[in-house]
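K.L.:
My structure file upload_30.tsv, TSV, C-alpha atoms, is below:
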chain	number	residue	atom	x	y	z
A	64	MET	CA	2.30	25.72	17.69
A	65	LYS	CA	3.90	23.14	19.98
A	66	GLN	CA	1.95	20.04	20.93
A	67	ASN	CA	2.30	17.89	24.02
A	68	VAL	CA	3.20	14.50	22.53
A	69	SER	CA	3.01	11.23	24.47
A	70	TYR	CA	3.66	7.62	23.49
A	71	LYS	CA	1.11	5.13	24.75
A	72	ASP	CA	0.53	1.39	24.57
A	73	SER	CA	-3.09	0.85	23.64
A	74	LYS	CA	-5.10	-2.07	24.95
A	75	THR	CA	-7.15	-2.29	21.76
A	76	ILE	CA	-7.11	-0.69	18.33
A	77	LEU	CA	-10.31	-1.83	16.61
A	78	ASN	CA	-13.49	-0.43	18.17
A	79	LYS	CA	-17.03	-1.47	17.35
A	80	GLY	CA	-18.76	0.78	14.83
A	81	THR	CA	-21.72	2.48	16.51
A	82	GLY	CA	-24.06	5.43	15.98
A	83	PHE	CA	-23.14	7.41	12.86
A	84	LEU	CA	-20.65	4.64	12.00
A	85	SER	CA	-23.04	1.74	12.61
A	86	GLY	CA	-22.59	0.73	8.96
A	87	TYR	CA	-19.02	-0.26	9.83
A	88	SER	CA	-17.96	-3.22	11.88
A	89	HIS	CA	-15.08	-1.19	13.35
A	90	SER	CA	-13.46	2.22	13.69
A	91	LEU	CA	-9.70	2.67	13.84
A	92	ASN	CA	-7.76	5.64	15.24
A	93	PRO	CA	-3.95	5.69	14.90
A	94	TYR	CA	-3.69	8.61	17.30
A	95	THR	CA	-5.64	10.14	20.15
A	96	GLY	CA	-5.94	13.89	19.77
A	97	CYS	CA	-5.48	15.91	16.60
A	98	SER	CA	-3.16	18.84	15.98
A	99	PHE	CA	-5.42	20.32	13.30
A	100	GLY	CA	-7.66	21.40	16.20
A	101	CYS	CA	-10.56	22.46	13.97
A	102	SER	CA	-12.84	24.94	15.74
A	103	TYR	CA	-16.01	22.96	15.05
A	104	CYS	CA	-14.70	19.48	15.92
A	105	TYR	CA	-17.23	17.80	18.20
A	106	VAL	CA	-14.52	15.47	19.53
A	107	ARG	CA	-13.76	18.38	21.87
A	108	GLN	CA	-16.92	17.36	23.74
A	109	MET	CA	-16.15	13.65	23.90
A	110	PRO	CA	-14.72	12.03	27.06
A	111	VAL	CA	-11.39	11.32	25.34
A	112	SER	CA	-10.86	15.09	25.08
A	113	LEU	CA	-12.58	16.32	28.24
A	114	PHE	CA	-10.62	13.96	30.48
A	115	HIS	CA	-7.31	15.10	28.98
A	116	HIS	CA	-7.54	18.55	30.61
A	117	GLU	CA	-5.76	20.26	27.72
A	118	GLU	CA	-7.08	22.33	24.84
A	119	TRP	CA	-8.13	20.24	21.85
A	120	GLY	CA	-5.33	20.51	19.27
A	121	ASP	CA	-2.57	20.98	21.87
A	122	TRP	CA	-1.92	17.32	22.62
A	123	ILE	CA	-1.42	14.03	20.79
A	124	ASP	CA	-1.11	10.48	22.11
A	125	ILE	CA	0.75	8.16	19.76
A	126	LYS	CA	-0.38	4.56	19.79
A	127	LYS	CA	3.07	3.05	19.42
A	128	ASN	CA	1.85	-0.56	19.42
A	129	ALA	CA	-0.93	0.11	16.90
A	130	ALA	CA	0.37	-2.10	14.08
A	131	SER	CA	1.02	-5.18	16.21
A	132	LEU	CA	-2.39	-4.82	17.84
A	133	LEU	CA	-4.12	-4.46	14.49
A	134	ALA	CA	-2.46	-7.57	13.11
A	135	LYS	CA	-3.90	-9.61	15.98
A	136	GLU	CA	-7.32	-7.97	16.17
A	137	LEU	CA	-7.94	-7.87	12.43
A	138	HIS	CA	-7.17	-11.56	12.05
A	139	LYS	CA	-9.51	-12.39	14.91
A	140	ALA	CA	-12.29	-10.11	13.62
A	141	LYS	CA	-12.16	-11.69	10.17
A	142	THR	CA	-12.88	-15.11	11.66
A	143	LYS	CA	-16.17	-13.72	12.96
A	144	GLY	CA	-17.49	-12.14	9.77
A	145	LYS	CA	-17.17	-9.21	7.40
A	146	VAL	CA	-14.75	-6.49	8.53
A	147	THR	CA	-15.31	-2.90	7.43
A	148	ILE	CA	-13.15	-0.18	8.96
A	149	PHE	CA	-13.56	3.59	9.27
A	150	MET	CA	-10.19	5.32	9.75
A	151	SER	CA	-10.49	7.67	11.56
A	152	SER	CA	-13.48	8.65	13.66
A	153	SER	CA	-11.88	10.99	16.22
A	154	THR	CA	-8.53	12.06	14.79
A	155	ASP	CA	-6.92	12.68	11.42
A	156	PRO	CA	-4.72	9.73	10.43
A	157	TYR	CA	-2.52	12.10	8.41
A	158	GLN	CA	-2.04	14.95	10.86
A	159	PRO	CA	1.48	16.43	10.73
A	160	ILE	CA	3.05	14.07	13.27
A	161	GLU	CA	2.38	11.21	10.86
A	162	TYR	CA	5.25	12.53	8.71
A	163	ARG	CA	7.61	11.38	11.45
A	164	GLU	CA	5.82	8.59	13.26
A	165	LYS	CA	4.26	6.72	10.29
A	166	ILE	CA	1.72	4.98	12.51
A	167	THR	CA	-0.97	5.20	9.82
A	168	ARG	CA	1.40	3.82	7.22
A	169	SER	CA	2.24	0.90	9.50
A	170	LEU	CA	-1.49	0.13	9.82
A	171	LEU	CA	-1.91	0.19	6.05
A	172	GLU	CA	1.00	-2.21	5.74
A	173	VAL	CA	-0.83	-4.63	8.03
A	174	MET	CA	-4.03	-4.30	6.00
A	175	VAL	CA	-2.22	-4.85	2.71
A	176	GLU	CA	-1.08	-8.22	4.03
A	177	ASP	CA	-4.44	-9.08	5.62
A	178	SER	CA	-7.08	-7.03	3.88
A	179	PRO	CA	-10.36	-5.99	5.49
A	180	ASP	CA	-13.47	-6.17	3.34
A	181	PHE	CA	-13.50	-2.37	3.16
A	182	LEU	CA	-11.48	0.53	4.52
A	183	LEU	CA	-12.48	4.19	4.44
A	184	VAL	CA	-9.63	6.62	5.04
A	185	GLN	CA	-11.01	9.97	6.22
A	186	THR	CA	-8.53	12.86	6.15
A	187	ARG	CA	-8.00	16.49	5.24
A	188	SER	CA	-4.29	16.10	4.61
A	189	PRO	CA	-2.39	15.79	1.32
A	190	LEU	CA	0.05	13.52	3.19
A	191	VAL	CA	-2.26	10.66	2.27
A	192	CYS	CA	-0.62	10.74	-1.17
A	193	ARG	CA	2.59	9.44	0.39
A	194	ASP	CA	0.85	6.09	0.84
A	195	ILE	CA	-0.54	5.72	-2.67
A	196	ASP	CA	1.63	2.64	-3.12
A	197	LEU	CA	-0.15	0.86	-0.27
A	198	LEU	CA	-3.61	2.19	-1.10
A	199	GLN	CA	-3.25	0.82	-4.64
A	200	ARG	CA	-2.56	-2.63	-3.24
A	201	LEU	CA	-5.89	-2.53	-1.41
A	202	HIS	CA	-7.62	-2.18	-4.80
A	203	ASN	CA	-11.39	-1.70	-4.48
A	204	HIS	CA	-11.34	-2.49	-0.77
A	205	VAL	CA	-10.48	1.13	0.04
A	206	ARG	CA	-11.89	4.61	-0.45
A	207	VAL	CA	-10.14	7.85	0.49
A	208	SER	CA	-12.50	10.57	1.68
A	209	MET	CA	-10.84	13.99	1.50
A	210	THR	CA	-12.48	16.69	3.58
A	211	ILE	CA	-12.87	19.97	1.70
A	212	GLU	CA	-15.50	21.94	3.59
A	213	THR	CA	-15.27	25.09	1.46
A	214	ASP	CA	-13.50	26.47	-1.58
A	215	LEU	CA	-12.73	29.76	0.17
A	216	GLU	CA	-9.35	30.13	1.88
A	217	THR	CA	-10.63	33.06	3.92
A	218	ILE	CA	-13.27	30.78	5.45
A	219	ARG	CA	-10.80	27.93	6.03
A	220	LYS	CA	-8.50	30.30	7.92
A	221	GLN	CA	-11.38	31.39	10.15
A	222	PHE	CA	-12.57	27.90	11.06
A	223	THR	CA	-9.56	25.59	10.58
A	224	PRO	CA	-6.38	27.71	10.53
A	225	GLN	CA	-4.10	24.74	11.30
A	226	ALA	CA	-5.51	22.58	8.49
A	227	PRO	CA	-3.89	22.24	5.05
A	228	PRO	CA	-4.79	24.85	2.38
A	229	ILE	CA	-7.69	24.08	0.06
A	230	GLN	CA	-5.55	24.07	-3.09
A	231	ALA	CA	-3.21	21.46	-1.63
A	232	ARG	CA	-6.17	19.20	-0.89
A	233	LEU	CA	-7.55	19.62	-4.41
A	234	GLN	CA	-4.18	18.64	-5.83
A	235	ALA	CA	-4.10	15.61	-3.53
A	236	VAL	CA	-7.48	14.46	-4.81
A	237	GLU	CA	-6.21	14.75	-8.38
A	238	LYS	CA	-3.18	12.60	-7.53
A	239	LEU	CA	-5.29	9.96	-5.80
A	240	VAL	CA	-7.75	9.71	-8.68
A	241	ALA	CA	-4.92	9.60	-11.24
A	242	ALA	CA	-3.40	6.71	-9.27
A	243	GLY	CA	-6.67	4.78	-9.50
A	244	ILE	CA	-7.59	5.14	-5.82
A	245	PRO	CA	-11.36	5.31	-5.21
A	246	THR	CA	-11.79	8.82	-3.83
A	247	GLN	CA	-14.53	11.17	-2.71
A	248	VAL	CA	-14.64	14.76	-1.51
A	249	ALA	CA	-16.42	15.21	1.80
A	250	ILE	CA	-17.93	18.66	2.20
A	251	ALA	CA	-18.26	17.95	5.88
A	252	PRO	CA	-19.23	19.97	7.69
A	253	VAL	CA	-20.61	22.42	5.17
A	254	LEU	CA	-18.88	25.77	5.59
A	255	PRO	CA	-19.72	28.94	3.66
A	256	SER	CA	-18.59	28.50	0.07
A	257	SER	CA	-18.93	30.14	-3.33
A	258	GLU	CA	-21.14	29.26	-6.28
A	259	CYS	CA	-17.95	28.15	-8.09
A	260	PHE	CA	-17.26	25.31	-5.64
A	261	PRO	CA	-18.85	22.54	-7.74
A	262	TYR	CA	-16.94	23.64	-10.83
A	263	LYS	CA	-13.63	23.39	-8.99
A	264	LEU	CA	-14.34	19.71	-8.31
A	265	GLN	CA	-16.15	18.85	-11.53
A	266	HIS	CA	-13.21	17.44	-13.47
A	267	ILE	CA	-11.25	15.81	-10.66
A	268	VAL	CA	-13.68	13.62	-8.71
A	269	ASN	CA	-16.97	11.80	-9.32
A	270	ARG	CA	-18.21	11.27	-5.78
A	271	ILE	CA	-19.31	14.01	-3.39
A	272	CYS	CA	-20.53	13.68	0.19
A	273	ILE	CA	-22.30	16.63	1.83
A	274	ASP	CA	-22.79	16.71	5.59
A	275	ASP	CA	-23.39	19.30	8.29
A	276	TYR	CA	-23.35	19.71	12.07
A	277	PHE	CA	-27.01	18.81	12.45
A	278	MET	CA	-26.81	15.48	10.65
A	279	GLY	CA	-23.20	14.56	11.25
A	280	ASP	CA	-22.26	15.10	14.88
A	281	GLY	CA	-24.39	12.22	16.10
A	282	HIS	CA	-26.53	14.37	18.40
A	283	ALA	CA	-28.56	16.50	15.96
A	284	GLY	CA	-26.02	19.30	16.23
A	285	LYS	CA	-26.22	19.61	20.01
A	286	ARG	CA	-22.69	18.37	20.59
A	287	THR	CA	-21.33	20.97	18.17
A	288	GLU	CA	-23.45	23.74	19.64
A	289	LYS	CA	-21.88	23.18	23.06
A	290	ILE	CA	-18.47	24.29	21.79
A	291	GLY	CA	-19.86	27.69	20.84
A	292	ILE	CA	-19.48	27.42	17.08
A	293	LYS	CA	-22.79	29.24	16.53
A	294	GLU	CA	-21.30	32.37	18.09
A	295	LYS	CA	-18.44	32.23	15.58
A	296	TYR	CA	-20.93	32.31	12.71
A	297	ASN	CA	-22.69	35.24	14.33
A	298	GLU	CA	-19.44	37.16	14.79
A	299	LEU	CA	-18.61	36.69	11.11
A	300	GLY	CA	-22.08	37.66	9.95
A	301	LEU	CA	-22.68	34.20	8.53
A	302	GLU	CA	-25.77	33.24	10.50
A	303	GLU	CA	-27.60	31.96	7.42
A	304	TRP	CA	-24.95	29.25	7.05
A	305	TYR	CA	-25.59	27.86	10.53
A	306	THR	CA	-29.00	26.29	10.03
A	307	PRO	CA	-30.26	22.76	9.31
A	308	GLN	CA	-31.23	24.01	5.83
A	309	ALA	CA	-27.85	25.50	4.83
A	310	TYR	CA	-26.54	22.27	3.31
A	311	GLN	CA	-29.40	22.34	0.80
A	312	LYS	CA	-27.92	25.47	-0.78
A	313	VAL	CA	-24.69	23.57	-1.43
A	314	TYR	CA	-26.56	20.46	-2.57
A	315	THR	CA	-28.55	22.49	-5.10
A	316	ARG	CA	-25.38	24.07	-6.47
A	317	PHE	CA	-23.75	20.67	-6.91
A	318	LEU	CA	-26.83	19.23	-8.61
A	319	GLU	CA	-26.31	21.79	-11.35
A	320	VAL	CA	-22.89	20.31	-12.10
A	321	PHE	CA	-22.85	16.69	-10.87
A	322	PRO	CA	-25.28	13.85	-11.62
A	323	LYS	CA	-27.56	13.16	-8.68
A	324	ASN	CA	-26.16	9.65	-8.26
A	325	GLN	CA	-22.70	11.09	-7.57
A	326	ILE	CA	-23.87	13.20	-4.62
A	327	TYR	CA	-24.44	11.63	-1.22
A	328	ILE	CA	-25.93	13.21	1.87
A	329	SER	CA	-24.50	12.70	5.36
A	330	GLN	CA	-24.24	9.13	6.61
A	331	SER	CA	-24.94	7.54	3.22
A	332	GLY	CA	-21.80	9.13	1.82
A	333	PHE	CA	-19.58	7.50	4.40
A	334	GLU	CA	-21.08	4.03	4.24
A	335	PRO	CA	-18.93	1.11	3.01
I'd like the structure from this file rewritten - as structure tokens, please.

P.N.:
Amino acid sequence: MKQNVSYKDSKTILNKGTGFLSGYSHSLNPYTGCSFGCSYCYVRQMPVSLFHHEEWGDWIDIKKNAASLLAKELHKAKTKGKVTIFMSSSTDPYQPIEYREKITRSLLEVMVEDSPDFLLVQTRSPLVCRDIDLLQRLHNHVRVSMTIETDLETIRKQFTPQAPPIQARLQAVEKLVAAGIPTQVAIAPVLPSSECFPYKLQHIVNRICIDDYFMGDGHAGKRTEKIGIKEKYNELGLEEWYTPQAYQKVYTRFLEVFPKNQIYISQSGFEP
């Protein structure tokens, strides 16, 4: 699938953490748009997407001045207090174009030299392993949160066909943990999964975050509902998985395998 790629000079790169991310001082997005184009992504309903007049997943804006902006804004922010950064809130910092453009890597290079108090890297891409050398230099000031919404490839292909395979993400988590990078698996949003899911993660990670549309989209699920994702569940005969209670099924399964203090629910799992 071909994307419409543009290079833009951004006016700012650090944005104030608000709403679901109010625990962070700032959010940071290396790109605008995301080629993974996940069917349930509520960013489709945000102004940044609606004003673009193209299908979500078909376009990407590259913030070519991101690193120089961050160097200035991070230094200034640190003079005002504690700086905690969520990367990224409305794109994946390791979507495929990052292989070539290395915008995310350039931002990490800035933060290695001038470290924030905490950085959370949210991704679903094994490409994050490319930057293990930089992530290690951030020590305990960083956590990688790898999205693995389900353990079933058939489900992934229905909801996120452009996203990396589940097995590749599991292997990435293993590499990150082996390299000493603080890492969690984010089952976010909860998609239909098997009873074996907890066992597949049991020996590779010790921190799990479980979230769903109703807690995690910032509008009690209403933003997600507008994109018609409920109809997709109905078409697949998976209605029981599209309820505010569905995450509890997954939570109960994980409690059988993981200690309770290693399982976080929604916002608490993404906090600094």

K.L.:
Counting all atoms listed in the file, which of A:Gly144, A:Pro93, A:Pro156, A:Pro224 gets nearest to Ile125 (chain A)?

P.N.:
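Selected residue with least distance to Ile125 (chain A): A:Pro93.
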
K.L.:
Please determine, counting all atoms listed in the file, which residue among A:Tyr310, A:Trp119, A:Phe149, A:Tyr157 has the shortest atom-to-atom distance to Tyr94 (chain A).

P.N.:
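Under the stated criterion, the closest residue is A:Tyr157.
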
K.L.:
Sorted by chain and rising residue number, which residues of region 223-319 of chain A lie within 6 Å of region 328-334 of chain A, and what are their closest atom pairs and distances in Å to one decimal, counting only C-alpha atoms, as a tab-separated table?

P.N.:
residue	atom	partner	partner_atom	distance
A:Cys272	CA	A:Gly332	CA	5.0
A:Ile273	CA	A:Ile328	CA	5.0
A:Asp274	CA	A:Ser329	CA	4.4

K.L.:
Just give me the gap between CA of Glu288 (chain A) and CA of Gly100 (chain A) in Å, one decimal is fine.

P.N.:
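Here the two named atoms are 16.3 Å from each other.
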
K.L.:
If you measure from CA of Ser153 (chain A) to CA of Ala226 (chain A), what distance in Å do you get, rounded to one decimal?

P.N.:
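Atom-to-atom, CA of Ser153 (chain A) to CA of Ala226 (chain A), that is 15.3 Å.
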
K.L.:
List as JSON lines every residue of region 168-235 of chain A that is in contact with region 72-85 of chain A, defined as an atom at most 12 Å from one of its atoms (using all atoms listed in the file), together with the nearest atom pair and the distance in Å rounded to one decimal, sorted by chain and then rising number.

P.N.:
{"residue": "A:Leu170", "atom": "CA", "partner": "A:Ile76", "partner_atom": "CA", "distance": 10.2}
{"residue": "A:Pro179", "atom": "CA", "partner": "A:Leu77", "partner_atom": "CA", "distance": 11.9}
{"residue": "A:Leu183", "atom": "CA", "partner": "A:Leu84", "partner_atom": "CA", "distance": 11.1}
